[in-house]
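Each remark here refers to the structure printed beneath this line.
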Amino acid sequence: MAKRLRAIVDIDNTLWHFCDVLYEELKIINNTIPSPEFWIDWDFWQNYCSIEEFMNAINKIHLNQDDEKHLPYPEAKKFLNTLKREGFHITIASHRSENSRIPTERWLKMHGLYFDELHLSYDKTILFNDNNCFVVDDSPKVLEKAKEKQVQGAGLLFPWNKSHYENGYILLDNLDDILEFLLKKS
Ligand SMILES: [Mg+2]
């Protein structure tokens with residue numbers, strides 16, 4: 001019998017538009033920070049704030065993930081439900097502290113975002129261990145790692161991953177297109 005397929009799905013800038021909320025937080029630290037359309041490099045923030053300030057801004061959002069203003073992309077629910085229906089095991093994997101598990105889980109449930117497993121850590125690439133898995137993530141670093149491990153990667157296209165386009169993984173405009181791609185590939 002064929003092994004069950006696994007989808008390893010990111011949260012920030014995959015299931016919801018995290019960058020705009022992060023921008024609001026970063027502006028409080030340094031109001032000269034450019035808006036997300038100019039974040040053409042993954043490490044853009046290094047010229048504007050310290051790593052502590054950057055991580056604190058991110059943690060603050062994650063600890064309030066279940067804020068009612070934090071909405072998933074309109075296609076997110078269907079994306080996960082279709083993968084479930086097609087027999088995928090779904091691991092939601094986010095680069096965030098274990099301390100944010102309760103608000104993160106609450107947010108997923110609040111919005112009907114289905115998952116079998118919730119992985120929160122600072123190295124999700126430990127999950128990329130067999131060729132039955134698909135990775136959905138916007139981070140070029142994570143997608144590169146998937147490629148290295150011969151795991152199919154796909155993500156939403158953003159300024160910070162645009163220059164990595166067609167680097168062994170696919171970047172698309174919305175989750176509907178990613179879904180279609182995954183179903184074709186599986
Ligand atoms: Mg992300």
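To be explicit about the labels: the chains of the structure tokens are called A, B, and onward in the order shown, and within each one the residues are counted from 1, while ligands get numbers from 1 in the order they are shown.
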
- Task: Write out as a PyMOL selection string the residues lying within 6 Å of A:Cys133, counting only C-alpha atoms and excluding same-chain residues fewer than 6 positions away.
- Result: chain A and resi 5-7

- Query: Counting only C-alpha atoms and all ligand atoms, which protein, DNA or RNA residues come within 12 Å of ligand 1, given as a ChimeraX atom specification?
  - Reply: /A:8-19,22,42,58,92-96,124,135-143,154-158,160-161

For the residues in that selection, give me N, CA and C atoms as an mmCIF file, in the first residue's frame.
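Dumped to again37.cif:
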data_model
loop_
_atom_site.group_PDB
_atom_site.id
_atom_site.type_symbol
_atom_site.label_atom_id
_atom_site.label_comp_id
_atom_site.auth_asym_id
_atom_site.auth_seq_id
_atom_site.Cartn_x
_atom_site.Cartn_y
_atom_site.Cartn_z
ATOM 1 N N ILE A 8 3.174 19.598 4.958
ATOM 2 C CA ILE A 8 3.730 20.365 6.074
ATOM 3 C C ILE A 8 3.503 21.832 5.731
ATOM 4 N N VAL A 9 2.564 22.437 6.433
ATOM 5 C CA VAL A 9 2.056 23.754 6.029
ATOM 6 C C VAL A 9 2.419 24.811 7.066
ATOM 7 N N ASP A 10 3.068 25.849 6.598
ATOM 8 C CA ASP A 10 3.465 27.007 7.400
ATOM 9 C C ASP A 10 2.226 27.829 7.795
ATOM 10 N N ILE A 11 2.384 28.736 8.749
ATOM 11 C CA ILE A 11 1.265 29.635 9.111
ATOM 12 C C ILE A 11 1.485 31.049 8.546
ATOM 13 N N ASP A 12 2.571 31.711 8.991
ATOM 14 C CA ASP A 12 2.748 33.134 8.664
ATOM 15 C C ASP A 12 3.064 33.354 7.182
ATOM 16 N N ASN A 13 2.257 34.173 6.555
ATOM 17 C CA ASN A 13 2.373 34.458 5.115
ATOM 18 C C ASN A 13 2.137 33.206 4.258
ATOM 19 N N THR A 14 1.460 32.230 4.858
ATOM 20 C CA THR A 14 0.999 31.062 4.109
ATOM 21 C C THR A 14 -0.501 30.894 4.355
ATOM 22 N N LEU A 15 -0.887 30.904 5.631
ATOM 23 C CA LEU A 15 -2.319 30.796 5.950
ATOM 24 C C LEU A 15 -2.936 32.161 6.243
ATOM 25 N N TRP A 16 -2.083 33.141 6.536
ATOM 26 C CA TRP A 16 -2.602 34.502 6.765
ATOM 27 C C TRP A 16 -1.537 35.529 6.427
ATOM 28 N N HIS A 17 -1.982 36.792 6.258
ATOM 29 C CA HIS A 17 -1.096 37.856 5.812
ATOM 30 C C HIS A 17 -0.376 38.485 7.021
ATOM 31 N N PHE A 18 0.588 37.749 7.515
ATOM 32 C CA PHE A 18 1.354 38.132 8.705
ATOM 33 C C PHE A 18 2.153 39.431 8.489
ATOM 34 N N CYS A 19 2.656 39.646 7.281
ATOM 35 C CA CYS A 19 3.606 40.749 7.064
ATOM 36 C C CYS A 19 3.028 42.122 7.404
ATOM 37 N N LEU A 22 3.069 42.497 11.157
ATOM 38 C CA LEU A 22 4.467 42.654 11.585
ATOM 39 C C LEU A 22 4.956 44.079 11.276
ATOM 40 N N TRP A 42 15.048 38.465 2.763
ATOM 41 C CA TRP A 42 14.527 37.811 3.974
ATOM 42 C C TRP A 42 14.993 38.530 5.247
ATOM 43 N N ILE A 58 7.688 39.790 16.762
ATOM 44 C CA ILE A 58 7.079 38.563 16.231
ATOM 45 C C ILE A 58 6.371 37.780 17.342
ATOM 46 N N ILE A 92 0.700 21.341 10.603
ATOM 47 C CA ILE A 92 0.888 22.784 10.536
ATOM 48 C C ILE A 92 2.201 23.036 11.281
ATOM 49 N N ALA A 93 3.138 23.661 10.593
ATOM 50 C CA ALA A 93 4.467 23.845 11.181
ATOM 51 C C ALA A 93 4.857 25.310 11.136
ATOM 52 N N SER A 94 5.026 25.906 12.297
ATOM 53 C CA SER A 94 5.350 27.326 12.345
ATOM 54 C C SER A 94 6.623 27.586 13.132
ATOM 55 N N HIS A 95 7.394 28.528 12.613
ATOM 56 C CA HIS A 95 8.623 28.973 13.259
ATOM 57 C C HIS A 95 8.201 29.910 14.397
ATOM 58 N N ARG A 96 7.924 29.368 15.542
ATOM 59 C CA ARG A 96 7.484 30.189 16.671
ATOM 60 C C ARG A 96 7.687 29.425 17.977
ATOM 61 N N LYS A 124 11.765 23.683 11.664
ATOM 62 C CA LYS A 124 10.755 22.752 11.147
ATOM 63 C C LYS A 124 11.350 21.779 10.126
ATOM 64 N N VAL A 135 5.994 20.458 1.206
ATOM 65 C CA VAL A 135 6.165 21.584 2.108
ATOM 66 C C VAL A 135 5.536 22.824 1.487
ATOM 67 N N VAL A 136 4.713 23.520 2.268
ATOM 68 C CA VAL A 136 4.136 24.778 1.804
ATOM 69 C C VAL A 136 4.625 25.872 2.740
ATOM 70 N N ASP A 137 5.429 26.774 2.206
ATOM 71 C CA ASP A 137 6.087 27.781 3.042
ATOM 72 C C ASP A 137 6.520 28.947 2.153
ATOM 73 N N ASP A 138 6.592 30.151 2.741
ATOM 74 C CA ASP A 138 7.044 31.300 1.936
ATOM 75 C C ASP A 138 8.533 31.579 2.139
ATOM 76 N N SER A 139 9.152 30.911 3.102
ATOM 77 C CA SER A 139 10.551 31.224 3.413
ATOM 78 C C SER A 139 11.499 30.572 2.419
ATOM 79 N N PRO A 140 12.318 31.377 1.722
ATOM 80 C CA PRO A 140 13.261 30.761 0.779
ATOM 81 C C PRO A 140 14.225 29.799 1.489
ATOM 82 N N LYS A 141 14.544 30.094 2.758
ATOM 83 C CA LYS A 141 15.471 29.217 3.498
ATOM 84 C C LYS A 141 14.842 27.845 3.727
ATOM 85 N N VAL A 142 13.571 27.853 4.103
ATOM 86 C CA VAL A 142 12.855 26.587 4.349
ATOM 87 C C VAL A 142 12.677 25.827 3.028
ATOM 88 N N LEU A 143 12.330 26.557 1.978
ATOM 89 C CA LEU A 143 12.120 25.903 0.673
ATOM 90 C C LEU A 143 13.421 25.329 0.114
ATOM 91 N N ALA A 154 6.434 24.365 -2.150
ATOM 92 C CA ALA A 154 5.630 25.369 -2.847
ATOM 93 C C ALA A 154 5.310 26.470 -1.841
ATOM 94 N N GLY A 155 5.099 27.666 -2.358
ATOM 95 C CA GLY A 155 4.775 28.759 -1.434
ATOM 96 C C GLY A 155 4.113 29.905 -2.160
ATOM 97 N N LEU A 156 3.588 30.836 -1.371
ATOM 98 C CA LEU A 156 3.020 32.046 -1.960
ATOM 99 C C LEU A 156 4.169 32.960 -2.371
ATOM 100 N N LEU A 157 3.966 33.624 -3.463
ATOM 101 C CA LEU A 157 4.993 34.523 -4.008
ATOM 102 C C LEU A 157 4.961 35.873 -3.288
ATOM 103 N N PHE A 158 6.110 36.290 -2.763
ATOM 104 C CA PHE A 158 6.223 37.573 -2.052
ATOM 105 C C PHE A 158 7.517 38.269 -2.470
ATOM 106 N N TRP A 160 10.015 38.988 -0.753
ATOM 107 C CA TRP A 160 11.203 38.387 -0.115
ATOM 108 C C TRP A 160 11.569 37.011 -0.657
ATOM 109 N N ASN A 161 10.728 36.443 -1.507
ATOM 110 C CA ASN A 161 11.157 35.171 -2.100
ATOM 111 C C ASN A 161 11.205 35.224 -3.624
#

- Item | Residue list (alpha helix (DSSP H), DSSP) for stretch 8-137 of chain A, as number ranges by chain | A: 18-29, 51-63, 76-85, 101-110

- List every residue of stretch 7-176 of chain A that DSSP, applied to the backbone of this structure, places in strand (DSSP E or B), and write the result as number ranges by chain. A: 7-9, 12, 16, 72, 89-95, 117-121, 133-136, 152-156, 170-172

For C-alpha atoms, I'd like the residues from the last selection saved as a compact mmCIF listing (two decimals), in the first residue's frame.
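And here's out_28.txt as it stands now:
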# COMPACT_ATOMS: atom_id res chain seq x y z
CA ALA A 7 1.56 18.17 3.86
CA ILE A 8 3.73 20.36 6.07
CA VAL A 9 2.06 23.75 6.03
CA ASP A 12 2.75 33.13 8.66
CA TRP A 16 -2.60 34.50 6.77
CA PRO A 72 -6.67 33.76 7.62
CA HIS A 89 -1.78 13.97 6.86
CA ILE A 90 -1.53 17.67 7.70
CA THR A 91 1.17 19.08 9.92
CA ILE A 92 0.89 22.78 10.54
CA ALA A 93 4.47 23.84 11.18
CA SER A 94 5.35 27.33 12.34
CA HIS A 95 8.62 28.97 13.26
CA GLU A 117 -0.56 17.89 14.14
CA LEU A 118 0.79 21.28 15.21
CA HIS A 119 4.57 21.63 15.18
CA LEU A 120 6.01 24.78 16.77
CA SER A 121 9.79 25.14 16.83
CA CYS A 133 5.91 14.97 2.07
CA PHE A 134 5.11 18.32 0.54
CA VAL A 135 6.16 21.58 2.11
CA VAL A 136 4.14 24.78 1.80
CA GLN A 152 8.59 19.11 -3.09
CA GLY A 153 8.16 22.71 -1.93
CA ALA A 154 5.63 25.37 -2.85
CA GLY A 155 4.78 28.76 -1.43
CA LEU A 156 3.02 32.05 -1.96
CA ILE A 170 7.29 26.70 -7.05
CA LEU A 171 5.94 30.10 -5.95
CA LEU A 172 2.34 30.94 -6.79

- Message: Can you measure atom CA of A:Ala57 to atom CA of A:Leu26 for me? One decimal in Å is fine.
- Response: 6.7 Å

- Message: I'd like to know which of A:Asp41, A:Val21, A:Tyr48, A:Pro103 is closest to A:His164, using only C-alpha atoms.
- Response: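 The shortest atom-to-atom distance to A:His164 comes from A:Asp41.
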
- To one decimal place, how far is atom CA of A:Lys147 from atom CA of A:Leu182 in Å?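 Between these atoms lies a distance of 15.2 Å.
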
- Of A:Glu148, A:Asp20, A:Glu52, A:Asp66, the one sitting nearest A:Met110 when using only C-alpha atoms is A:Asp66
